[in-house]
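Taking it in order: structure first as structure tokens, then the write-up.
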Amino acid sequence: MPNKKKYNVNGDSGLKAQIQFADQKQEFNKRPTKIGRRSLSRSISQSSTDSYSSAASYTDSSDDETSPRDKQQKNSKGSSDFCVKNIKQAEFGRREIEIAEQEMPALMALRKRAQGEKPLAGAKIVGCTHITAQTAVLMETLGALGAQCRWAACNIYSTLNEVAAALAESGFPVFAWKGESEDDFWWCIDRCVNVEGWQPNMILDDGGDLTHWIYKKYPNMFKKIKGIVEESVTGVHRRFHQPETAAGPKGNYKPGTMSASRFLFPFLLCRFGFLISGQCFNYFNTVFQASLRTPELTWERVRSQVDHVIWPDGKRIVLLAEGRLLNLSCSTVPTFVLSITATTQALALIELYNAPEGRYKQDVYLLPKKMDEYVASLHLPTFDAHLTELTDEQAKYLGLNKNGPFKPNYYRY
């Protein structure tokens, strides 16, 4: 492990934030498929104003029917340590990533200010998230800060094939494509973690599937994990409250229990605003969808990611994305919103990786409000907005520290 140091991130306007949070008086608040073709011009114009919708992902129709697992692909450097739909889409995906960089100011600022110190040097991060242009900016930022990364997708519908290709071309071991089967989903996760001579020491997860897989399949590897950053409430809830085998991408469950006391490392839960609610609703949908796979019910495909589920008496419901998360499978999330959560995740990984032995117990921790407010402040220059400092009299009247945090711990954004 590298020597533990303090890494100062200094903003152009004099803002300073210390990534090592121990100096703060308040520690972390402890809380026990196929798709239709789209024209290139439409794709680029869509991305320039918003994050790129999975439903509008560009594909090369010449090999739509061939599973990526059956292909022999190499990037321009001769590496084949990846599995994506079509490596030839890399140039298009690179454009998407470059556009996303323009709308993720805080993450790019963190990359610029901290890459010289390499606060993640020696970190080996295995990730399982949506693979989009915004995730790519996060992954490349982690790489610039010194980390080695291997990545799989947490959702079988949300991967942007061209972005996955761009990441593979730039040297990231990525195992994901849009429209994976259930078997593909777990195969990709296994290829991500089961590689000779590579032991991950950090996990970035969204939903808990990757954490669960390592825990069940590779217990010795699991014991060496230093920390986990979990994006969603769903993921933390499944580690602690759901059956041990948990929910797969098709909503399968098996009996069993897991004791929270068996965790050997801390989690950091990154707030995601309305997307946490989306994840919770998606989790309900996954359970609900599993109950609809019965012989009595008829499934009728309307179009990609839209199905009718028909009862014997003719009543029916419309089910989107087979019950999975909608805002990336069938729709889109603004890149600027994702900049906030990606920056928070990067800071959480830096903190966990550099934390001295004993700082965190075997428990779940929320990022402090002060860090939320710092990340938010990094985005203000984009709006040409400037903060003024409270006077002593104003701070006393409001009952606040003039340096923050400005919201109580129970406040939810």
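Chains: A, B, ... in order of the structure tokens. Residues: from 1 per chain. Ligands: from 1, in order shown.
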
- Which parts of region 178-246 of chain A does DSSP call alpha helix (DSSP H) when run on the backbone here, written out as a PyMOL selection string? chain A and resi 182-193+209-217+219-223+233-241

Any chance you could export the current selection's C-alpha atoms as a PDB file, in the first residue's frame?
ATOM      1  CA  GLU A 182     -28.964 -13.499 -17.908  1.00  0.00           C
ATOM      2  CA  ASP A 183     -26.106 -15.919 -18.578  1.00  0.00           C
ATOM      3  CA  ASP A 184     -24.182 -13.163 -20.375  1.00  0.00           C
ATOM      4  CA  PHE A 185     -24.709 -10.845 -17.418  1.00  0.00           C
ATOM      5  CA  TRP A 186     -23.045 -13.161 -14.898  1.00  0.00           C
ATOM      6  CA  TRP A 187     -20.398 -14.251 -17.420  1.00  0.00           C
ATOM      7  CA  CYS A 188     -19.353 -10.614 -17.887  1.00  0.00           C
ATOM      8  CA  ILE A 189     -19.096 -10.059 -14.143  1.00  0.00           C
ATOM      9  CA  ASP A 190     -17.012 -13.203 -13.751  1.00  0.00           C
ATOM     10  CA  ARG A 191     -14.664 -12.216 -16.586  1.00  0.00           C
ATOM     11  CA  CYS A 192     -14.292  -8.873 -14.881  1.00  0.00           C
ATOM     12  CA  VAL A 193     -13.073 -10.336 -11.566  1.00  0.00           C
ATOM     13  CA  ASP A 209     -24.649  -7.862  -8.013  1.00  0.00           C
ATOM     14  CA  LEU A 210     -20.865  -7.565  -8.258  1.00  0.00           C
ATOM     15  CA  THR A 211     -20.394  -7.525  -4.489  1.00  0.00           C
ATOM     16  CA  HIS A 212     -22.636 -10.549  -4.148  1.00  0.00           C
ATOM     17  CA  TRP A 213     -20.800 -12.454  -6.889  1.00  0.00           C
ATOM     18  CA  ILE A 214     -17.373 -11.948  -5.341  1.00  0.00           C
ATOM     19  CA  TYR A 215     -18.704 -12.790  -1.876  1.00  0.00           C
ATOM     20  CA  LYS A 216     -20.235 -16.063  -3.066  1.00  0.00           C
ATOM     21  CA  LYS A 217     -17.776 -17.212  -5.714  1.00  0.00           C
ATOM     22  CA  PRO A 219     -14.487 -15.596  -0.692  1.00  0.00           C
ATOM     23  CA  ASN A 220     -10.696 -15.312  -0.408  1.00  0.00           C
ATOM     24  CA  MET A 221     -10.726 -12.429  -2.870  1.00  0.00           C
ATOM     25  CA  PHE A 222     -13.591 -10.856  -0.956  1.00  0.00           C
ATOM     26  CA  LYS A 223     -11.596 -10.820   2.289  1.00  0.00           C
ATOM     27  CA  VAL A 233     -29.976   2.147  -1.570  1.00  0.00           C
ATOM     28  CA  THR A 234     -31.053  -1.053  -3.325  1.00  0.00           C
ATOM     29  CA  GLY A 235     -27.539  -2.474  -3.242  1.00  0.00           C
ATOM     30  CA  VAL A 236     -27.022  -1.831   0.463  1.00  0.00           C
ATOM     31  CA  HIS A 237     -30.493  -3.144   1.286  1.00  0.00           C
ATOM     32  CA  ARG A 238     -29.768  -6.437  -0.582  1.00  0.00           C
ATOM     33  CA  ARG A 239     -26.513  -7.027   1.244  1.00  0.00           C
ATOM     34  CA  PHE A 240     -28.076  -6.815   4.596  1.00  0.00           C
ATOM     35  CA  HIS A 241     -31.812  -7.500   4.334  1.00  0.00           C
TER      36      HIS A 241
END

Determine, for each residue of region 127-195 of chain A having at least one atom at most 12 Å from an atom of region 333-345 of chain A, the closest pair of atoms and their separation in Å to one decimal, counting only C-alpha atoms; order by chain and ascending number, as CSV.
residue,atom,partner,partner_atom,distance
A:Gly127,CA,A:Gln345,CA,11.5
A:Thr129,CA,A:Ala342,CA,11.1
A:His130,CA,A:Leu338,CA,11.4
A:Thr132,CA,A:Thr335,CA,10.1
A:Ala133,CA,A:Thr335,CA,8.7
A:Gln134,CA,A:Thr335,CA,6.6
A:Thr135,CA,A:Ala342,CA,7.5
A:Ala136,CA,A:Ala342,CA,10.1
A:Val137,CA,A:Ala342,CA,8.6
A:Leu138,CA,A:Ala342,CA,6.0
A:Met139,CA,A:Ala342,CA,9.3
A:Glu140,CA,A:Ala342,CA,11.4
A:Thr141,CA,A:Thr343,CA,9.5
A:Leu142,CA,A:Gln345,CA,10.0
A:Ser158,CA,A:Val333,CA,11.6

- Between CA of Ala165 (chain A) and CA of Lys124 (chain A), what is the spacing in Å?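 One can read the CA of Lys124 (chain A) to CA of Ala165 (chain A) distance as 21.2 Å.
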
- Item | All residues 6 Å or closer to Asn161 (chain A), only C-alpha atoms, same chain fewer than 2 positions away omitted, as a ChimeraX atom specification | /A:85,159,163-164,177

- Message: Show me, as a ChimeraX atom specification, the residues that have an atom within 8 Å of region 305-318 of chain A when counting only C-alpha atoms, minus same-chain residues fewer than 5 positions from it.
- Response: /A:33,292,296-300,330

Proximity of region 163-240 of chain A to region 353-374 of chain A: per-residue shortest pair, 9 Å limit, only C-alpha atoms, as a tab-separated table:
residue	atom	partner	partner_atom	distance
A:Asn201	CA	A:Tyr353	CA	8.5
A:Met202	CA	A:Tyr353	CA	7.5
A:Lys226	CA	A:Tyr353	CA	6.9
A:Gly227	CA	A:Tyr353	CA	7.1
A:Val236	CA	A:Val364	CA	8.1

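One finds CA of Tyr218 (chain A) at 28.1 Å from CA of Lys74 (chain A).
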
- All strand (DSSP E) positions in region 85-163 of chain A, as a PyMOL selection string: chain A and resi 124-129+148-153

- One decimal, Å: what's the distance from CA of Phe82 (chain A) over to CA of Phe175 (chain A), could you say?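 One can read the CA of Phe82 (chain A) to CA of Phe175 (chain A) distance as 5.5 Å.
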
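Minimum atom-to-atom distances from A:Pro68, A:Gly323, A:Pro381, A:Gly399 to Met104 (chain A) were compared using only C-alpha atoms, and the lowest value belongs to A:Pro381.
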
- Task: Mind checking which residues fall within 8 Å of Lys118 (chain A), counting only C-alpha atoms, ignoring those fewer than 2 positions away in the same chain, and posting them as JSON, numbers by chain?
- Result: {"A": [114, 115, 116, 120, 121, 144, 145, 146]}

Please save N, CA and C atoms of the selected residues as a compact mmCIF listing (two decimals), in the first residue's frame.
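This went into out.txt:
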# COMPACT_ATOMS: atom_id res chain seq x y z
N ALA A 114 -5.87 16.55 -9.18
CA ALA A 114 -5.32 15.48 -8.35
C ALA A 114 -4.49 14.46 -9.13
N GLN A 115 -4.49 14.54 -10.46
CA GLN A 115 -3.80 13.49 -11.21
C GLN A 115 -2.29 13.52 -11.01
N GLY A 116 -1.73 14.68 -10.65
CA GLY A 116 -0.30 14.72 -10.39
C GLY A 116 0.10 13.97 -9.14
N LEU A 120 -4.96 7.47 -6.11
CA LEU A 120 -5.43 6.08 -6.24
C LEU A 120 -4.35 5.16 -6.80
N ALA A 121 -3.10 5.57 -6.71
CA ALA A 121 -2.00 4.71 -7.17
C ALA A 121 -2.01 3.41 -6.37
N ALA A 144 -6.75 8.19 -14.46
CA ALA A 144 -5.83 9.32 -14.40
C ALA A 144 -5.31 9.55 -12.99
N LEU A 145 -6.09 9.14 -11.99
CA LEU A 145 -5.69 9.30 -10.59
C LEU A 145 -4.87 8.11 -10.09
N GLY A 146 -4.56 7.17 -11.00
CA GLY A 146 -3.64 6.09 -10.65
C GLY A 146 -4.24 4.71 -10.51
